[in-house]
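Chemist: To start, I am sharing the structure in question, which I have written as structure tokens.
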Protein chains: 2
Amino acid sequence: MRREFKKKSRILLIDDNYEHLAGIRELLNLEGTFDVVGIATNVSMGVNLVKKYQPDVVLLDMNMPDRDGLQGIVDITKLELGTKILALSGYDDADLIFRAMKIGAKGYVLKTMASAQLIYAIEEVLNGKIYLPNALTSRFFEYFQKSFQEENSRQENAMDEENLLNELTQREEEVLELLTQGITYKGVANKLFISETTVKTHVNNIFQKLQVNDRTQAVLYAINNGFLTKRVKIAV
Amino acid sequence: MRREFKKKSRILLIDDNYEHLAGIRELLNLEGTFDVVGIATNVSMGVNLVKKYQPDVVLLDMNMPDRDGLQGIVDITKLELGTKILALSGYDDADLIFRAMKIGAKGYVLKTMASAQLIYAIEEVLNGKIYLPNALTSRFFEYFQKSFQEENSRQENAMDEENLLNELTQREEEVLELLTQGITYKGVANKLFISETTVKTHVNNIFQKLQVNDRTQAVLYAINNGFLTKRVKIAV
DNA sequence: ATAGATATAGACCATCTGGTCAATAAAATT
DNA sequence: AATTTTATTGACCAGATGGTCTATATCTAT
């Protein structure tokens with residue numbers, strides 16, 4: 001029915017479960033439009049095969065010993081061969097999905113899903129799209145929003161009225177900013193064209209206001225309380 | 001056909017384009033399962049209406065003056081009424097989609113999409129799900145992965161062999177860690193049960209290895225080069 | 001077994017840091 | 001006009017910090 005004038009897409013499989021590996025190979029071969037150019041049961045071997053055969057898509061199992069699945073995504077991406085990675089997993093672990101997508105997987109499908117969906121996912125990914133089943137998209141965003149909640153509240157906190165940094169005068173902020181670059185009294189004095197004594201006075205006032213005892217603590221306070229993010233305004 | 005024994009979902013609309021506002025209201029009213037409890041042409045009014053009528057879902061236009069759309073999401077979320085927010089937009093600006101989802105929108109639909117899809121989106125969101133059309137999901141992930149690329153490379157850099165932190169011995173790392181808490185020589189000596197002189201020796205070695213001149217710079221180096229993220233292992 | 005790396009510690013010294021008190025001038029606020 | 005805040009500087013001092021040199025005692029790897 002279908003002739004080979006349209007070149008097949010080259011697929012590589014990495015999964016520590018050989019049964020599953022063989023199963024998928026059968027499935028893809030039956031489909032006819034795919035060419036399974038290699039299979040591997042561990043990541044390092046798989047990465048080598050990717051280097052050798054330069055497949056279009058890699059199906060990469062996420063549920064392997066250690067965090068090898070994620071590492072695989074990183075390693076393959078680092079080769080910069082434009083290889084699309086489709087993550088495969090036995091269950092919908094939100095954290096895994098999030099990390100996999102974050103570091104560059106083009107899609108994520110569950111092993112429990114119908115084979116037609118796997119085929120579809122591969123095709124979408126081949127076409128340069130991202131493919132995530134609706135269920136996983138939901139899982140992803142739940143996790144995504146949750147993981148940003150703390151960052152959001154931290155950020156709100158950073159521009160809170162409780163922030164001791166707001167007590168600082170403009171000049172004191174300038175001095176503190178220089179302190180956060182690890183500059184000495186003399187250095188600050190030179191940069192601001194004021195005497196070293198003046199710098200000391202400012203610094204002492206800063207310590208008072210931030211309720212710390214030394215420059216290191218002041219710098220840490222500044223960093224942890226959004227000294228930088230504060231002035232960049234609402235980053236949402 | 002359909003009787004009112006099943007209570008209608010309460011919807012509120014916020015859009016600075018009145019025509020569009022009226023259009024959606026008609027559409028939703030025709031549908032029969034929705035009850036448009038309020039409409040507003042700007043965010044502050046809208047937020048007040050949310051407070052008053054406590055709708056189940058807010059359809060919120062993203063393309064309003066300033067960054068009012070995003071601000072609306074933040075404001076409504078802050079009310080903590082469990083209101084689901086469905087973002088509406090005229091075009092698929094990846095940055096907008098990303099920010100909207102990040103701060104808590106439950107979905108994002110384009111005004112150009114078929115009305116059936118809007119209805120579907122509302123229903124999904126009502127059911128506690130996240131709804132993003134496939135096209136927008138792709139846009140989102142492109143942006144998502146791009147925005148993490150720099151963070152990834154920074155992180156790779158953090159566990160790079162070039163990282164001077166790797167030159168430190170275990171003991172020196174311990175000392176540095178205490179320094180990053182703004183602790184004095186004497187304090188470190190007490191914590192580690194060694195003499196103050198020894199601490200000084202370690203600190204001096206640390207300075208040498210990190211090529212800095214004082215503790216503040218050492219602490220900054222540690223923070224900027226993933227001193228913390230490094231030991232948390234691959235955070236991917 | 002021997003060389004190298006690591007952890008420990010003392011002595012000495014110059015400089016930096018932080019604390020305190022006092023004082024002047026300009027700017028902002030009341 | 002009077003008061004408060006801010007920015008500036010000096011003097012003095014104790015203690016912390018950083019640089020250098022030396023010297024053990026382990027431990028590790030060749």
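Going by the structure tokens order, chains are called A, B, ..., each with residues numbered from 1, while ligands are numbered from 1 in the order shown.
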If chain B is superposed onto chain A by least squares using every Cα atom in order, what is the RMSD, in Å to one decimal?
Modeler: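 RMSD over all C-alpha atoms: 0.8 Å.
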Chemist: Please, which residues of chain A lie no more than 8 Å from chain B when the count uses only C-alpha atoms, and can they be set out as a list in words?
Modeler: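 Written out as asked, the residues are Leu70, Arg99, Met101, Lys102, Ile103, Gly104, Lys129, Ile130, Tyr131, Thr137, Ser138, Phe141, Glu142, Phe144, Gln145, Phe148, Gln149, Asn152, Thr180, Gln181, Gly182, Asp214, Arg215, Thr216, Gln217, Val219, Leu220 and Val236 of chain A.
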Chemist: Could the residues in this selection be written to a file with N, CA, C and O atoms, as an mmCIF file, in the first residue's frame?
Modeler:
```cif
data_model
loop_
_atom_site.group_PDB
_atom_site.id
_atom_site.type_symbol
_atom_site.label_atom_id
_atom_site.label_comp_id
_atom_site.auth_asym_id
_atom_site.auth_seq_id
_atom_site.Cartn_x
_atom_site.Cartn_y
_atom_site.Cartn_z
ATOM 1 N N LEU A 70 16.253 11.547 33.496
ATOM 2 C CA LEU A 70 16.497 12.985 33.375
ATOM 3 C C LEU A 70 17.901 13.244 32.844
ATOM 4 O O LEU A 70 18.112 14.079 31.966
ATOM 5 N N ARG A 99 10.190 18.295 35.537
ATOM 6 C CA ARG A 99 11.631 18.341 35.299
ATOM 7 C C ARG A 99 11.979 17.951 33.865
ATOM 8 O O ARG A 99 12.842 18.550 33.232
ATOM 9 N N MET A 101 10.161 18.201 31.164
ATOM 10 C CA MET A 101 9.803 19.262 30.221
ATOM 11 C C MET A 101 10.749 20.444 30.387
ATOM 12 O O MET A 101 11.145 21.086 29.416
ATOM 13 N N LYS A 102 11.079 20.716 31.608
ATOM 14 C CA LYS A 102 11.939 21.857 31.893
ATOM 15 C C LYS A 102 13.286 21.741 31.189
ATOM 16 O O LYS A 102 13.797 22.724 30.658
ATOM 17 N N ILE A 103 13.847 20.554 31.194
ATOM 18 C CA ILE A 103 15.177 20.420 30.613
ATOM 19 C C ILE A 103 15.145 20.063 29.144
ATOM 20 O O ILE A 103 16.189 19.825 28.544
ATOM 21 N N GLY A 104 13.942 20.029 28.555
ATOM 22 C CA GLY A 104 13.929 19.983 27.104
ATOM 23 C C GLY A 104 13.235 18.823 26.418
ATOM 24 O O GLY A 104 13.357 18.686 25.203
ATOM 25 N N LYS A 129 6.448 19.909 17.187
ATOM 26 C CA LYS A 129 5.522 20.376 18.221
ATOM 27 C C LYS A 129 5.838 19.725 19.563
ATOM 28 O O LYS A 129 6.600 18.765 19.646
ATOM 29 N N ILE A 130 5.206 20.276 20.565
ATOM 30 C CA ILE A 130 5.294 19.688 21.896
ATOM 31 C C ILE A 130 4.051 18.842 22.081
ATOM 32 O O ILE A 130 2.963 19.275 21.722
ATOM 33 N N TYR A 131 4.205 17.640 22.605
ATOM 34 C CA TYR A 131 3.008 16.856 22.840
ATOM 35 C C TYR A 131 2.869 16.407 24.290
ATOM 36 O O TYR A 131 3.718 15.701 24.833
ATOM 37 N N THR A 137 -1.002 17.449 31.043
ATOM 38 C CA THR A 137 -0.930 18.912 31.033
ATOM 39 C C THR A 137 -1.491 19.457 32.347
ATOM 40 O O THR A 137 -0.916 20.348 32.964
ATOM 41 N N SER A 138 -2.594 18.877 32.765
ATOM 42 C CA SER A 138 -3.172 19.300 34.036
ATOM 43 C C SER A 138 -2.221 19.054 35.189
ATOM 44 O O SER A 138 -1.970 19.937 36.006
ATOM 45 N N PHE A 141 0.588 21.560 35.152
ATOM 46 C CA PHE A 141 0.294 22.921 35.587
ATOM 47 C C PHE A 141 -0.018 23.020 37.070
ATOM 48 O O PHE A 141 0.316 24.020 37.706
ATOM 49 N N GLU A 142 -0.613 21.974 37.609
ATOM 50 C CA GLU A 142 -0.807 21.988 39.057
ATOM 51 C C GLU A 142 0.542 22.176 39.737
ATOM 52 O O GLU A 142 0.725 23.029 40.598
ATOM 53 N N PHE A 144 3.357 23.136 38.398
ATOM 54 C CA PHE A 144 3.968 24.389 37.964
ATOM 55 C C PHE A 144 3.500 25.560 38.835
ATOM 56 O O PHE A 144 4.303 26.337 39.353
ATOM 57 N N GLN A 145 2.201 25.629 38.998
ATOM 58 C CA GLN A 145 1.668 26.753 39.767
ATOM 59 C C GLN A 145 2.031 26.633 41.240
ATOM 60 O O GLN A 145 2.334 27.628 41.889
ATOM 61 N N PHE A 148 5.466 27.726 41.895
ATOM 62 C CA PHE A 148 5.700 29.164 41.785
ATOM 63 C C PHE A 148 5.018 29.933 42.897
ATOM 64 O O PHE A 148 5.276 31.111 43.084
ATOM 65 N N GLN A 149 4.158 29.248 43.622
ATOM 66 C CA GLN A 149 3.456 29.940 44.693
ATOM 67 C C GLN A 149 4.429 30.507 45.708
ATOM 68 O O GLN A 149 4.333 31.659 46.110
ATOM 69 N N ASN A 152 6.288 33.341 44.284
ATOM 70 C CA ASN A 152 5.443 34.529 44.244
ATOM 71 C C ASN A 152 5.347 35.197 45.610
ATOM 72 O O ASN A 152 5.512 36.406 45.737
ATOM 73 N N THR A 180 27.592 44.742 48.362
ATOM 74 C CA THR A 180 27.223 43.444 47.789
ATOM 75 C C THR A 180 28.133 43.070 46.627
ATOM 76 O O THR A 180 27.909 42.063 45.982
ATOM 77 N N GLN A 181 29.098 43.915 46.349
ATOM 78 C CA GLN A 181 30.074 43.546 45.324
ATOM 79 C C GLN A 181 31.414 43.261 45.965
ATOM 80 O O GLN A 181 32.421 43.094 45.296
ATOM 81 N N GLY A 182 31.375 43.224 47.299
ATOM 82 C CA GLY A 182 32.593 42.894 48.017
ATOM 83 C C GLY A 182 33.639 43.983 47.937
ATOM 84 O O GLY A 182 34.827 43.729 47.796
ATOM 85 N N ASP A 214 27.517 42.766 60.747
ATOM 86 C CA ASP A 214 28.657 42.954 59.858
ATOM 87 C C ASP A 214 28.225 42.932 58.394
ATOM 88 O O ASP A 214 27.100 42.591 58.058
ATOM 89 N N ARG A 215 29.175 43.286 57.555
ATOM 90 C CA ARG A 215 28.891 43.436 56.130
ATOM 91 C C ARG A 215 28.395 42.153 55.487
ATOM 92 O O ARG A 215 27.503 42.190 54.639
ATOM 93 N N THR A 216 28.955 41.046 55.893
ATOM 94 C CA THR A 216 28.524 39.784 55.280
ATOM 95 C C THR A 216 27.037 39.560 55.521
ATOM 96 O O THR A 216 26.279 39.240 54.608
ATOM 97 N N GLN A 217 26.623 39.754 56.756
ATOM 98 C CA GLN A 217 25.212 39.568 57.066
ATOM 99 C C GLN A 217 24.347 40.581 56.321
ATOM 100 O O GLN A 217 23.242 40.261 55.879
ATOM 101 N N VAL A 219 25.003 41.893 53.411
ATOM 102 C CA VAL A 219 24.930 41.446 52.023
ATOM 103 C C VAL A 219 23.945 40.292 51.895
ATOM 104 O O VAL A 219 23.114 40.258 50.983
ATOM 105 N N LEU A 220 24.009 39.349 52.818
ATOM 106 C CA LEU A 220 23.101 38.218 52.779
ATOM 107 C C LEU A 220 21.659 38.690 52.918
ATOM 108 O O LEU A 220 20.776 38.225 52.205
ATOM 109 N N VAL A 236 6.293 39.475 38.024
ATOM 110 C CA VAL A 236 5.206 38.497 37.823
ATOM 111 C C VAL A 236 5.663 37.307 37.006
ATOM 112 O O VAL A 236 5.498 37.243 35.816
#
```
Chemist: Enumerate as number ranges by chain the residues belonging to chain D that approach chain B to within 12 Å, with only C-alpha atoms (C1' of nucleotides) taken into account.
Modeler: D: 15-21
Chemist: Put those residues in a file: C-alpha atoms (C1' of nucleotides), as a tab-separated table (two decimals), in the first residue's frame.
Modeler:
```tsv
chain	number	residue	atom	x	y	z
D	15	DG	C1'	38.72	43.80	68.05
D	16	DA	C1'	38.35	41.29	63.63
D	17	DT	C1'	40.46	40.24	59.45
D	18	DG	C1'	43.90	38.96	56.15
D	19	DG	C1'	48.97	37.84	54.87
D	20	DT	C1'	52.99	35.25	55.69
D	21	DC	C1'	55.96	31.99	57.56
```
Chemist: Please report as an MDAnalysis selection string which residues of chain B come no farther than 10 Å from chain C, using only C-alpha atoms (C1' of nucleotides).
Modeler: chainID B and resid 169:172 194:199 201:202
Chemist: Using only C-alpha atoms, which of the listed residues (A:Val47, A:Val109, A:Ile76, A:Ile24) sits closest to Met62 of chain A?
Modeler: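 Checking each of A:Val47, A:Val109, A:Ile76, A:Ile24 against Met62 of chain A, counting only C-alpha atoms, the winner is A:Val109.
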Chemist: Just how far from atom CA of Glu123 of chain B is atom CA of Lys84 of chain B, in Å to one decimal?
Modeler: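 Here the two named atoms are 10.9 Å from each other.
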Chemist: Please compute the atom CA of Asp95 of chain A-atom CA of Val125 of chain B distance, one decimal, in Å.
Modeler: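 Atom CA of Val125 of chain B lies at a distance of 22.0 Å from atom CA of Asp95 of chain A.
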Chemist: Need the shell around Val36 of chain B: protein/DNA/RNA residues with any atom at most 7 Å away, counting only C-alpha atoms (C1' of nucleotides). Skip same-chain ones fewer than 4 positions apart. Format as a PyMOL selection string?
Modeler: chain B and resi 10-12+25
Chemist: Please, could you write that set of residues out with all heavy atoms as a PDB file, in the first residue's frame?
Modeler:
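Result file is result.pdb:
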```
ATOM      1  N   ARG B  10     -21.805  30.343  37.951  1.00  0.00           N
ATOM      2  CA  ARG B  10     -21.776  31.807  37.977  1.00  0.00           C
ATOM      3  C   ARG B  10     -20.493  32.310  37.314  1.00  0.00           C
ATOM      4  O   ARG B  10     -19.392  31.985  37.732  1.00  0.00           O
ATOM      5  CB  ARG B  10     -21.852  32.282  39.420  1.00  0.00           C
ATOM      6  CG  ARG B  10     -23.117  31.789  40.146  1.00  0.00           C
ATOM      7  CD  ARG B  10     -22.949  31.778  41.649  1.00  0.00           C
ATOM      8  NE  ARG B  10     -22.600  33.097  42.162  1.00  0.00           N
ATOM      9  CZ  ARG B  10     -23.453  34.114  42.265  1.00  0.00           C
ATOM     10  NH1 ARG B  10     -24.710  33.947  41.888  1.00  0.00           N
ATOM     11  NH2 ARG B  10     -23.062  35.270  42.741  1.00  0.00           N
ATOM     12  N   ILE B  11     -20.681  33.126  36.295  1.00  0.00           N
ATOM     13  CA  ILE B  11     -19.550  33.619  35.520  1.00  0.00           C
ATOM     14  C   ILE B  11     -19.464  35.134  35.610  1.00  0.00           C
ATOM     15  O   ILE B  11     -20.486  35.817  35.643  1.00  0.00           O
ATOM     16  CB  ILE B  11     -19.711  33.254  34.025  1.00  0.00           C
ATOM     17  CG1 ILE B  11     -20.165  31.815  33.865  1.00  0.00           C
ATOM     18  CG2 ILE B  11     -18.413  33.532  33.281  1.00  0.00           C
ATOM     19  CD1 ILE B  11     -19.120  30.797  34.100  1.00  0.00           C
ATOM     20  N   LEU B  12     -18.253  35.644  35.640  1.00  0.00           N
ATOM     21  CA  LEU B  12     -18.064  37.091  35.610  1.00  0.00           C
ATOM     22  C   LEU B  12     -17.097  37.430  34.482  1.00  0.00           C
ATOM     23  O   LEU B  12     -16.125  36.702  34.256  1.00  0.00           O
ATOM     24  CB  LEU B  12     -17.517  37.578  36.958  1.00  0.00           C
ATOM     25  CG  LEU B  12     -17.579  39.095  37.179  1.00  0.00           C
ATOM     26  CD1 LEU B  12     -17.998  39.392  38.609  1.00  0.00           C
ATOM     27  CD2 LEU B  12     -16.248  39.752  36.879  1.00  0.00           C
ATOM     28  N   ARG B  25     -21.439  37.534  26.781  1.00  0.00           N
ATOM     29  CA  ARG B  25     -22.585  37.388  27.677  1.00  0.00           C
ATOM     30  C   ARG B  25     -23.749  36.719  26.952  1.00  0.00           C
ATOM     31  O   ARG B  25     -24.360  35.781  27.471  1.00  0.00           O
ATOM     32  CB  ARG B  25     -23.032  38.747  28.211  1.00  0.00           C
ATOM     33  CG  ARG B  25     -24.226  38.607  29.146  1.00  0.00           C
ATOM     34  CD  ARG B  25     -24.501  39.883  29.872  1.00  0.00           C
ATOM     35  NE  ARG B  25     -24.628  41.015  28.930  1.00  0.00           N
ATOM     36  CZ  ARG B  25     -24.911  42.257  29.306  1.00  0.00           C
ATOM     37  NH1 ARG B  25     -25.077  42.532  30.589  1.00  0.00           N
ATOM     38  NH2 ARG B  25     -25.006  43.214  28.428  1.00  0.00           N
TER      39      ARG B  25
END
```
Chemist: According to DSSP computed on the backbone, where in segment 73-226 of chain B is there strand (DSSP E)? Give the residues as a ChimeraX atom specification.
Modeler: /B:84-89,107-110
Chemist: Using backbone DSSP assignments, extract all alpha helix (DSSP H) residues from segment 63-178 of chain A; output them as a ChimeraX atom specification.
Modeler: /A:68-79,94-102,115-126,134-158,170-178
